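Have a look at the structure below, then the notes.
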Amino acid sequence: VDVFYDYDYVVVPSGSCAGLIRRHYPDVLKDDAMYASRAVELANQCYELTSFLVDVLGFSQVSGNFRGKLAWHDSCSCLREMQVFEQPRQLLRSIPGCELMEIKDHDTCCGFGGTFCVKCPEISTRMVDDKINAIVASGANTLAAADLGCLLNIAGRLSRQNIPVKVFHVAEVLAGRIGIPGVGEES
């Protein structure tokens with residue numbers, strides 16, 4: 001709270017981290033005389049990246065250079081705690097050549113869930129396999145998301161299954177900086 005309190009905005013690239021600050025800090029600190037009101041103020045200044053770009057800065061398009069079929073993964077925290085749904089889709093759809101593919105059961109967890117994937121690995125694996133099957137069925141050759149845990153979980157499982165779907169953080173796609181020549185381009 002002390003580190004970020006004096007800033008106008010706190011923009012977080014991961015929905016789960018933004019959710020922690022926005023939804024949980026005020027509850028955890030509600031009985032702290034010094035921090036209760038400051039935690040609420042900080043929470044109101046905290047945004048997930050795509051929400052900040054669309055809802056605060058008013059961006060409706062970006063000039064990325066992505067070409068291909070891209071699926072968007074709605075992380076549980078972004079979707080439920082931060083109410084982020086349309087913002088990333090709006091920005092991704094605005095990129096010339098980016099064909100946004102919706103995933104069946106887009107609002108279903110990928111199975112990461114912090115320590116859930118460690119405590120319940122069999123269930124977690126079935127969940128990420130279902131998510132991967134939906135991604136493949138969508139026809140996408142690339143996946144983007146705004147939650148680092150989800151990206152790690154899905155990318156790891158795709159790699160272990162030798163499924164040729166590339167995975168990127170949404171900031172990389174929006175900035176046109178996916179970093180590997182030819183990735184995301186249809187052949």
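Residue numbering restarts at 1 for every chain of the structure tokens, chains are lettered A, B, ... in their displayed order, and ligands are numbered from 1 as they appear.
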Residues near Asp27 in chain A, cut-off 9 Å, only C-alpha atoms, skip fewer than 6 positions along chain, as a ChimeraX atom specification
/A:36,39-40
Distance query Val12 in chain A at most 9 Å, only C-alpha atoms, self and fewer than 5 positions along chain excluded, as a PDB file with all heavy atoms, in the first residue's frame:
```pdb
ATOM      1  N   CYS A  17      -3.034 -10.842  -9.985  1.00  0.00           N
ATOM      2  CA  CYS A  17      -2.352  -9.847  -9.143  1.00  0.00           C
ATOM      3  C   CYS A  17      -3.218  -8.593  -8.971  1.00  0.00           C
ATOM      4  O   CYS A  17      -3.317  -8.044  -7.877  1.00  0.00           O
ATOM      5  CB  CYS A  17      -0.999  -9.491  -9.739  1.00  0.00           C
ATOM      6  SG  CYS A  17       0.146 -10.886  -9.783  1.00  0.00           S
ATOM      7  N   ALA A  18      -3.840  -8.161 -10.057  1.00  0.00           N
ATOM      8  CA  ALA A  18      -4.737  -7.007  -9.969  1.00  0.00           C
ATOM      9  C   ALA A  18      -5.917  -7.325  -9.056  1.00  0.00           C
ATOM     10  O   ALA A  18      -6.335  -6.487  -8.249  1.00  0.00           O
ATOM     11  CB  ALA A  18      -5.229  -6.613 -11.361  1.00  0.00           C
ATOM     12  N   CYS A  46      -6.413   0.604  -9.065  1.00  0.00           N
ATOM     13  CA  CYS A  46      -5.761  -0.569  -9.643  1.00  0.00           C
ATOM     14  C   CYS A  46      -6.554  -1.121 -10.834  1.00  0.00           C
ATOM     15  O   CYS A  46      -7.765  -1.310 -10.748  1.00  0.00           O
ATOM     16  CB  CYS A  46      -5.625  -1.644  -8.573  1.00  0.00           C
ATOM     17  SG  CYS A  46      -4.774  -3.117  -9.164  1.00  0.00           S
ATOM     18  N   TYR A  47      -5.852  -1.377 -11.936  1.00  0.00           N
ATOM     19  CA  TYR A  47      -6.474  -1.884 -13.159  1.00  0.00           C
ATOM     20  C   TYR A  47      -5.640  -2.996 -13.779  1.00  0.00           C
ATOM     21  O   TYR A  47      -4.414  -2.943 -13.750  1.00  0.00           O
ATOM     22  CB  TYR A  47      -6.592  -0.768 -14.206  1.00  0.00           C
ATOM     23  CG  TYR A  47      -7.567   0.302 -13.827  1.00  0.00           C
ATOM     24  CD1 TYR A  47      -7.158   1.374 -13.045  1.00  0.00           C
ATOM     25  CD2 TYR A  47      -8.893   0.238 -14.227  1.00  0.00           C
ATOM     26  CE1 TYR A  47      -8.050   2.360 -12.681  1.00  0.00           C
ATOM     27  CE2 TYR A  47      -9.790   1.216 -13.859  1.00  0.00           C
ATOM     28  CZ  TYR A  47      -9.362   2.278 -13.083  1.00  0.00           C
ATOM     29  OH  TYR A  47     -10.249   3.246 -12.711  1.00  0.00           O
ATOM     30  N   GLU A  48      -6.304  -3.938 -14.371  1.00  0.00           N
ATOM     31  CA  GLU A  48      -5.651  -4.905 -15.258  1.00  0.00           C
ATOM     32  C   GLU A  48      -5.325  -4.143 -16.534  1.00  0.00           C
ATOM     33  O   GLU A  48      -6.023  -3.189 -16.902  1.00  0.00           O
ATOM     34  CB  GLU A  48      -6.609  -6.084 -15.510  1.00  0.00           C
ATOM     35  CG  GLU A  48      -6.089  -7.147 -16.446  1.00  0.00           C
ATOM     36  CD  GLU A  48      -6.330  -6.824 -17.900  1.00  0.00           C
ATOM     37  OE1 GLU A  48      -7.302  -6.096 -18.205  1.00  0.00           O
ATOM     38  OE2 GLU A  48      -5.548  -7.290 -18.741  1.00  0.00           O
ATOM     39  N   LEU A  49      -4.275  -4.529 -17.235  1.00  0.00           N
ATOM     40  CA  LEU A  49      -3.750  -3.773 -18.375  1.00  0.00           C
ATOM     41  C   LEU A  49      -4.792  -3.437 -19.431  1.00  0.00           C
ATOM     42  O   LEU A  49      -4.943  -2.268 -19.805  1.00  0.00           O
ATOM     43  CB  LEU A  49      -2.585  -4.545 -19.013  1.00  0.00           C
ATOM     44  CG  LEU A  49      -2.011  -3.938 -20.292  1.00  0.00           C
ATOM     45  CD1 LEU A  49      -1.388  -2.582 -20.025  1.00  0.00           C
ATOM     46  CD2 LEU A  49      -1.003  -4.896 -20.903  1.00  0.00           C
TER      47      LEU A  49
END
```
Selected residue, from A:Asp2, A:Glu86, A:Asp107, A:Asp55, that lies nearest to His73 in chain A when counting only C-alpha atoms:
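Ranked by minimum distance to His73 in chain A, first place goes to A:Asp107.
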Which is closest to Arg80 in chain A among A:Val3, A:Ile163, A:Cys109, A:Ala145, if we use only C-alpha atoms?
A:Cys109
Excluding same-chain residues fewer than 5 positions from Thr142 in chain A, what lies within 12 Å of it counting only C-alpha atoms, as a VMD selection string?
chain A and resid 66 to 73 98 to 103 132 135 to 136 151 154 to 155 158 163 to 170 173 178 182 to 186
If DSSP is run on the backbone, what residues of range 69-159 of chain A are helix (DSSP H, G or I)? A reply as number ranges by chain would be ideal.
A: 76-81, 86-93, 116-119, 121-138, 148-159
For the structure I just gave you, how does DSSP split range 5-86 of chain A - specifically, which residues are strand (DSSP E)? Reply as a list in words.
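Answer for range 5-86 of chain A, restricted to strand (DSSP E): Val10, Val11, Val12, Cys46, Tyr47, Glu48, Gly68, Lys69, Leu70, Ala71 and Trp72 of chain A.
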Using only N, CA, C and O atoms, please write the residues we just selected to a file, as a PDB file, in the first residue's frame.
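Result saved to result_16.pdb:
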```pdb
ATOM      1  N   VAL A  10      -2.414   2.178 -10.754  1.00  0.00           N
ATOM      2  CA  VAL A  10      -1.557   1.003 -10.681  1.00  0.00           C
ATOM      3  C   VAL A  10      -2.077   0.066 -11.761  1.00  0.00           C
ATOM      4  O   VAL A  10      -3.222  -0.404 -11.706  1.00  0.00           O
ATOM      5  N   VAL A  11      -1.253  -0.164 -12.780  1.00  0.00           N
ATOM      6  CA  VAL A  11      -1.641  -1.000 -13.915  1.00  0.00           C
ATOM      7  C   VAL A  11      -0.873  -2.307 -13.807  1.00  0.00           C
ATOM      8  O   VAL A  11       0.358  -2.309 -13.777  1.00  0.00           O
ATOM      9  N   VAL A  12      -1.616  -3.395 -13.752  1.00  0.00           N
ATOM     10  CA  VAL A  12      -1.040  -4.700 -13.478  1.00  0.00           C
ATOM     11  C   VAL A  12      -1.220  -5.611 -14.691  1.00  0.00           C
ATOM     12  O   VAL A  12      -2.326  -5.706 -15.227  1.00  0.00           O
ATOM     13  N   CYS A  46      -6.413   0.604  -9.065  1.00  0.00           N
ATOM     14  CA  CYS A  46      -5.761  -0.569  -9.643  1.00  0.00           C
ATOM     15  C   CYS A  46      -6.554  -1.121 -10.834  1.00  0.00           C
ATOM     16  O   CYS A  46      -7.765  -1.310 -10.748  1.00  0.00           O
ATOM     17  N   TYR A  47      -5.852  -1.377 -11.936  1.00  0.00           N
ATOM     18  CA  TYR A  47      -6.474  -1.884 -13.159  1.00  0.00           C
ATOM     19  C   TYR A  47      -5.640  -2.996 -13.779  1.00  0.00           C
ATOM     20  O   TYR A  47      -4.414  -2.943 -13.750  1.00  0.00           O
ATOM     21  N   GLU A  48      -6.304  -3.938 -14.371  1.00  0.00           N
ATOM     22  CA  GLU A  48      -5.651  -4.905 -15.258  1.00  0.00           C
ATOM     23  C   GLU A  48      -5.325  -4.143 -16.534  1.00  0.00           C
ATOM     24  O   GLU A  48      -6.023  -3.189 -16.902  1.00  0.00           O
ATOM     25  N   GLY A  68      -2.829 -13.884 -38.013  1.00  0.00           N
ATOM     26  CA  GLY A  68      -3.155 -15.276 -37.726  1.00  0.00           C
ATOM     27  C   GLY A  68      -4.424 -15.404 -36.914  1.00  0.00           C
ATOM     28  O   GLY A  68      -5.135 -14.438 -36.659  1.00  0.00           O
ATOM     29  N   LYS A  69      -4.694 -16.640 -36.537  1.00  0.00           N
ATOM     30  CA  LYS A  69      -5.865 -16.971 -35.732  1.00  0.00           C
ATOM     31  C   LYS A  69      -5.430 -17.052 -34.281  1.00  0.00           C
ATOM     32  O   LYS A  69      -4.598 -17.868 -33.917  1.00  0.00           O
ATOM     33  N   LEU A  70      -6.026 -16.193 -33.466  1.00  0.00           N
ATOM     34  CA  LEU A  70      -5.630 -16.065 -32.073  1.00  0.00           C
ATOM     35  C   LEU A  70      -6.822 -16.322 -31.170  1.00  0.00           C
ATOM     36  O   LEU A  70      -7.898 -15.791 -31.389  1.00  0.00           O
ATOM     37  N   ALA A  71      -6.615 -17.137 -30.158  1.00  0.00           N
ATOM     38  CA  ALA A  71      -7.648 -17.387 -29.147  1.00  0.00           C
ATOM     39  C   ALA A  71      -7.295 -16.600 -27.895  1.00  0.00           C
ATOM     40  O   ALA A  71      -6.125 -16.428 -27.564  1.00  0.00           O
ATOM     41  N   TRP A  72      -8.314 -16.125 -27.205  1.00  0.00           N
ATOM     42  CA  TRP A  72      -8.135 -15.402 -25.955  1.00  0.00           C
ATOM     43  C   TRP A  72      -8.591 -16.291 -24.815  1.00  0.00           C
ATOM     44  O   TRP A  72      -9.679 -16.864 -24.854  1.00  0.00           O
TER      45      TRP A  72
END
```
Selection near Cys110 in chain A, 10 Å with only C-alpha atoms, sequence-local residues under 5 positions removed, as a VMD selection string:
chain A and resid 73 to 76 117 124 to 132 149 to 151 153 to 154
One-decimal distance in Å that lies between CA of Tyr35 in chain A and CA of Arg23 in chain A
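Calculated distance between CA of Arg23 in chain A and CA of Tyr35 in chain A is 14.8 Å.
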